[in-house]
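J.: Take a look at model_30.txt, compact mmCIF, C-alpha atoms:
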```
# COMPACT_ATOMS: atom_id res chain seq x y z
CA VAL A 1 -3.51 -37.41 -9.47
CA ARG A 2 -3.51 -40.90 -7.96
CA LYS A 3 -0.82 -39.88 -5.45
CA VAL A 4 -3.52 -37.98 -3.55
CA LEU A 5 -5.17 -41.28 -2.61
CA ALA A 6 -1.97 -42.51 -0.94
CA CYS A 7 -1.40 -39.38 1.16
CA ASP A 8 -2.94 -38.08 4.35
CA VAL A 9 -5.21 -35.65 2.47
CA ASP A 10 -8.76 -35.58 1.15
CA VAL A 11 -10.30 -33.84 -1.83
CA GLU A 12 -13.51 -32.20 -0.64
CA THR A 13 -16.22 -29.95 -1.99
CA LEU A 14 -15.92 -26.70 -0.05
CA THR A 15 -19.30 -25.33 0.99
CA GLN A 16 -18.75 -23.75 4.42
CA ARG A 17 -17.87 -20.08 5.00
CA GLU A 18 -15.24 -21.18 7.54
CA TRP A 19 -12.95 -22.01 4.59
CA LEU A 20 -12.96 -18.41 3.26
CA PRO A 21 -10.02 -17.03 5.33
CA ALA A 22 -7.85 -20.02 4.36
CA MET A 23 -8.85 -19.65 0.70
CA GLU A 24 -7.99 -15.96 0.71
CA ALA A 25 -4.64 -16.65 2.40
CA LEU A 26 -3.81 -19.30 -0.22
CA LEU A 27 -4.69 -16.86 -3.00
CA ARG A 28 -2.35 -14.23 -1.55
CA GLU A 29 0.45 -16.79 -1.14
CA THR A 30 0.04 -18.15 -4.67
CA ARG A 31 -0.27 -14.77 -6.38
CA SER A 32 2.83 -13.47 -4.60
CA ARG A 33 4.71 -16.55 -5.85
CA THR A 34 3.45 -16.20 -9.45
CA HIS A 35 3.44 -12.38 -9.53
CA GLY A 36 -0.25 -12.36 -10.44
CA ALA A 37 -2.99 -9.98 -9.39
CA LEU A 38 -5.59 -11.13 -6.90
CA PRO A 39 -8.87 -12.10 -8.56
CA ARG A 40 -11.65 -9.54 -8.58
CA ARG A 41 -14.28 -12.21 -8.06
CA SER A 42 -15.58 -12.38 -4.51
CA LEU A 43 -14.83 -15.74 -2.95
CA ALA A 44 -17.71 -15.23 -0.52
CA GLY A 45 -20.09 -14.61 -3.42
CA LEU A 46 -18.73 -17.59 -5.31
CA LEU A 47 -19.15 -19.81 -2.25
CA ALA A 48 -22.73 -18.60 -1.79
CA LEU A 49 -23.50 -19.37 -5.44
CA ALA A 50 -21.85 -22.79 -5.13
CA ASN A 51 -24.19 -23.56 -2.23
CA GLU A 52 -27.26 -22.22 -4.06
CA ARG A 53 -26.44 -23.68 -7.49
CA PRO A 54 -23.94 -26.54 -7.22
CA ASP A 55 -24.64 -27.32 -10.88
CA LEU A 56 -23.13 -23.95 -11.87
CA VAL A 57 -20.23 -23.49 -9.43
CA GLN A 58 -18.03 -25.99 -7.63
CA ILE A 59 -15.18 -25.29 -5.23
CA SER A 60 -12.92 -28.27 -4.61
CA GLY A 61 -10.28 -28.29 -1.92
CA LEU A 62 -7.40 -30.45 -0.78
CA VAL A 63 -7.58 -30.79 3.01
CA SER A 64 -5.07 -32.45 5.32
CA ARG A 65 -6.74 -35.18 7.37
CA GLY A 66 -4.98 -34.58 10.67
CA GLU A 67 -5.19 -30.85 11.24
CA ARG A 68 -7.97 -30.16 8.68
CA LYS A 69 -5.83 -27.51 6.99
CA LEU A 70 -6.70 -26.31 3.49
CA LEU A 71 -3.68 -26.95 1.26
CA ALA A 72 -5.14 -26.08 -2.15
CA PHE A 73 -8.41 -25.26 -3.87
CA ALA A 74 -9.81 -24.70 -7.34
CA THR A 75 -13.08 -23.24 -8.56
CA GLY A 76 -15.08 -24.46 -11.53
CA LEU A 77 -17.73 -22.55 -13.45
CA HIS A 78 -20.32 -24.34 -15.60
CA HIS A 79 -21.38 -22.69 -18.87
CA GLY A 80 -23.82 -25.14 -20.43
CA ASP A 81 -21.86 -27.26 -22.91
CA HIS A 82 -18.55 -26.66 -21.13
CA ALA A 83 -17.03 -25.72 -17.80
CA SER A 84 -14.00 -23.62 -16.98
CA TYR A 85 -11.39 -23.27 -14.29
CA GLY A 86 -12.02 -20.07 -12.34
CA ASP A 87 -9.40 -19.46 -9.68
CA GLY A 88 -7.20 -21.65 -7.58
CA ALA A 89 -4.34 -21.58 -5.15
CA SER A 90 -2.04 -23.83 -3.17
CA THR A 91 0.53 -23.60 -0.45
CA ARG A 92 4.21 -24.48 -0.61
CA SER A 93 4.45 -24.96 3.16
CA HIS A 94 3.26 -28.57 3.11
CA ALA A 95 5.88 -31.26 3.74
CA SER A 96 4.80 -33.65 1.00
CA ARG A 97 6.07 -33.41 -2.55
CA LEU A 98 2.52 -33.99 -3.75
CA PRO A 99 1.36 -31.62 -6.51
CA LEU A 100 -1.37 -30.09 -4.37
CA GLY A 101 -3.49 -28.59 -7.15
CA TYR A 102 -4.00 -31.83 -9.07
CA GLY A 103 -6.67 -33.32 -6.78
CA PRO A 104 -9.00 -30.30 -6.81
CA ILE A 105 -8.70 -29.97 -10.61
CA TRP A 106 -9.43 -33.67 -11.10
CA SER A 107 -12.48 -33.28 -8.87
CA LEU A 108 -13.68 -30.34 -11.01
CA LEU A 109 -13.29 -32.39 -14.19
CA GLY A 110 -15.57 -35.07 -12.73
CA TRP A 111 -18.09 -32.46 -11.55
CA ALA A 112 -18.14 -30.83 -14.98
CA ARG A 113 -18.76 -34.12 -16.75
CA ALA A 114 -21.48 -35.12 -14.27
CA ASN A 115 -23.25 -31.83 -15.01
CA GLY A 116 -23.21 -32.30 -18.78
CA ALA A 117 -20.08 -30.41 -19.85
CA ARG A 118 -18.52 -31.83 -23.02
CA TRP A 119 -15.21 -30.02 -22.52
CA PHE A 120 -13.29 -28.17 -19.82
CA ASP A 121 -11.35 -24.94 -20.31
CA LEU A 122 -8.27 -24.82 -18.07
CA GLY A 123 -7.58 -21.22 -19.05
CA GLY A 124 -4.50 -19.51 -20.39
CA ILE A 125 -1.10 -20.97 -21.07
CA ALA A 126 1.87 -18.77 -20.27
CA THR A 127 4.23 -17.85 -23.06
CA ALA A 128 7.99 -17.48 -22.68
CA GLN A 129 9.12 -14.58 -20.51
CA PRO A 130 10.74 -11.63 -22.27
CA GLY A 131 14.47 -11.74 -21.60
CA GLY A 132 14.39 -15.50 -21.00
CA GLY A 133 14.22 -15.26 -17.18
CA PRO A 134 12.63 -17.93 -14.98
CA ASP A 135 8.90 -18.22 -15.54
CA PRO A 136 6.88 -18.40 -12.30
CA LEU A 137 4.00 -19.92 -14.31
CA ALA A 138 6.06 -22.69 -15.98
CA GLY A 139 4.75 -25.39 -13.63
CA ILE A 140 1.13 -24.36 -14.20
CA THR A 141 1.64 -24.34 -17.96
CA ALA A 142 3.29 -27.79 -17.87
CA PHE A 143 0.38 -29.16 -15.81
CA LYS A 144 -2.20 -27.84 -18.28
CA ARG A 145 -0.33 -29.25 -21.26
CA GLN A 146 -0.34 -32.76 -19.71
CA PHE A 147 -4.00 -33.08 -20.65
CA GLY A 148 -3.12 -33.04 -24.34
CA GLY A 149 -6.12 -30.97 -25.36
CA VAL A 150 -6.42 -28.29 -27.96
CA GLU A 151 -4.55 -25.03 -27.46
CA ARG A 152 -6.21 -22.05 -29.10
CA THR A 153 -5.29 -18.40 -29.11
CA VAL A 154 -8.40 -16.56 -28.00
CA GLY A 155 -6.86 -13.23 -27.12
CA ALA A 156 -3.68 -11.26 -26.94
CA GLU A 157 -2.40 -8.33 -24.94
CA TRP A 158 -2.32 -5.11 -26.90
CA ASN A 159 -1.25 -1.62 -25.95
CA TYR A 160 -3.01 1.12 -27.86
CA THR A 161 -1.88 4.73 -27.74
CA PRO A 162 -4.42 6.85 -29.63
CA ARG A 163 -2.17 9.93 -29.75
CA PRO A 164 1.47 8.90 -29.47
CA ARG A 165 2.74 12.48 -29.13
CA ARG A 166 0.48 13.29 -26.20
CA ALA A 167 1.32 10.01 -24.52
```
Translate this structure into structure tokens?

T.:
Amino acid sequence: VRKVLACDVDVETLTQREWLPAMEALLRETRSRTHGALPRRSLAGLLALANERPDLVQISGLVSRGERKLLAFATGLHHGDHASYGDGASTRSHASRLPLGYGPIWSLLGWARANGARWFDLGGIATAQPGGGPDPLAGITAFKRQFGGVERTVGAEWNYTPRPRRA
């Protein structure tokens, strides 16, 4: 996280609609890399709520100083006693070897604490891929585990076929 301070980037709270196209492009780039679906949540709606209620929603971005290009962002959602990571994305086209998502997440942790959250939910941890192939989420999982918090199973994927013959 401290590497961000030594680079030509800034962690900023994103409040302006001008960032929306860059945020959407980063989401597409990231989800194509991780094979994930695009979020159903409207970024425009989330940005509007972040401007109206900054105590409930925060969007933190990593912005290059020179060209003012958005390199990564993360959204935080406040739920009273805790806050959670919403969505985030980063590019791989930046020349530095800086982990681009770390700065925005660190910023969200500070925002959550300042708004009274006692804990922060980073979301799911990927399990091993069937067949043992390369896991596109391995880096994200490793990052989340660095915090040393509690890992709890809160859900599982199930497939239910009510009438196997008809199916």

J.: Figure out the distance between atom CA of A:Gly61 and atom CA of A:Ala74, please, to one decimal in Å.

T.: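 According to the coordinates, atom CA of A:Ala74 and atom CA of A:Gly61 are separated by 6.5 Å.
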
J.: Can you tell me, as a PDB file with C-alpha atoms, keeping the file's coordinate frame, what residues are no more than 7 Å from stretch 43-57 of chain A when counting only C-alpha atoms, ignoring any on the same chain fewer than 2 positions away?

T.:
```
ATOM      1  CA  THR A  15     -19.300 -25.330   0.990  1.00  0.00           C
ATOM      2  CA  LEU A  20     -12.960 -18.410   3.260  1.00  0.00           C
ATOM      3  CA  ARG A  41     -14.280 -12.210  -8.060  1.00  0.00           C
ATOM      4  CA  ILE A  59     -15.180 -25.290  -5.230  1.00  0.00           C
ATOM      5  CA  GLY A  76     -15.080 -24.460 -11.530  1.00  0.00           C
ATOM      6  CA  LEU A  77     -17.730 -22.550 -13.450  1.00  0.00           C
ATOM      7  CA  HIS A  78     -20.320 -24.340 -15.600  1.00  0.00           C
ATOM      8  CA  ASN A 115     -23.250 -31.830 -15.010  1.00  0.00           C
TER       9      ASN A 115
END
```

J.: I'd like the neighbourhood of A:Gly101 as a PyMOL selection string, where a residue qualifies if any of its atoms comes within 12 Å (using all atoms listed in the file), though same-chain residues fewer than 5 positions away should be ignored.

T.: chain A and resi 1+3-4+11+26+30+60-63+70-75+85+87-92+106-108+139-140+143-144

J.: Using Å and a single decimal, report how far atom CA of A:Pro39 sits from atom CA of A:His82.

T.: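 Pair atom CA of A:His82 / atom CA of A:Pro39 returns 21.5 Å.
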
J.: May I ask which of the residues A:Trp111, A:Arg68, A:Arg40, A:Val9 is the closest one to A:Glu24, counting only C-alpha atoms?

T.: A:Arg40

J.: Tell me, as a list in words, which residues lie within 10 Å of A:Arg33, counting only C-alpha atoms; anything in the same chain fewer than 2 positions away does not count.

T.: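 Residues meeting the cut-off are Leu27, Arg28, Glu29, Thr30, Arg31, His35, Gly36, Thr91, Arg92, Pro136 and Leu137 of chain A.
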
J.: Work out how far atom CA of A:Asp81 is from atom CA of A:Ala117, in Å to one decimal.

T.: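 One can read the atom CA of A:Ala117 to atom CA of A:Asp81 distance as 4.7 Å.
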
J.: So which one's closest to A:Arg113, A:Thr34, A:Ser84, A:Ser93, A:Thr13? Using all atoms listed in the file, please.

T.: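 Of all the options, A:Ser84 lies closest to A:Arg113.
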
J.: Which residue gives the smallest distance to A:Thr153 among A:Ala83, A:Arg165, A:Ile125, A:Pro99, with all atoms listed in the file counted?

T.: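 Of A:Ala83, A:Arg165, A:Ile125, A:Pro99, the one nearest A:Thr153 is A:Ile125, counting all atoms listed in the file.
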
J.: Taking all atoms listed in the file into account, which of A:Ala142, A:Ala112, A:Val150, A:Ala37 comes nearest A:His79?

T.: A:Ala112

J.: Quick one: of A:Gln58, A:Arg118, A:Gly124, A:Tyr160, who's nearest to A:Pro104, counting only C-alpha atoms?

T.: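 Looking at the shortest contact to A:Pro104, the residue is A:Gln58.
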
J.: Nearest to A:Trp19: which of A:Arg152, A:Arg145, A:Arg163, A:Lys69 is it, counting all atoms listed in the file?

T.: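 Using all atoms listed in the file, the shortest distance to A:Trp19 belongs to A:Lys69.
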
J.: Let me know the centre plus edge lengths, in Å and rounded to one decimal, of a box with edges along x, y and z that contains all listed atoms of stretch 145-153 of chain A and is padded by 8 Å on every side, as lines of an AutoDock Vina configuration file.

T.:
```
center_x = -3.4
center_y = -25.7
center_z = -24.4
size_x = 22.1
size_y = 30.7
size_z = 25.4
```
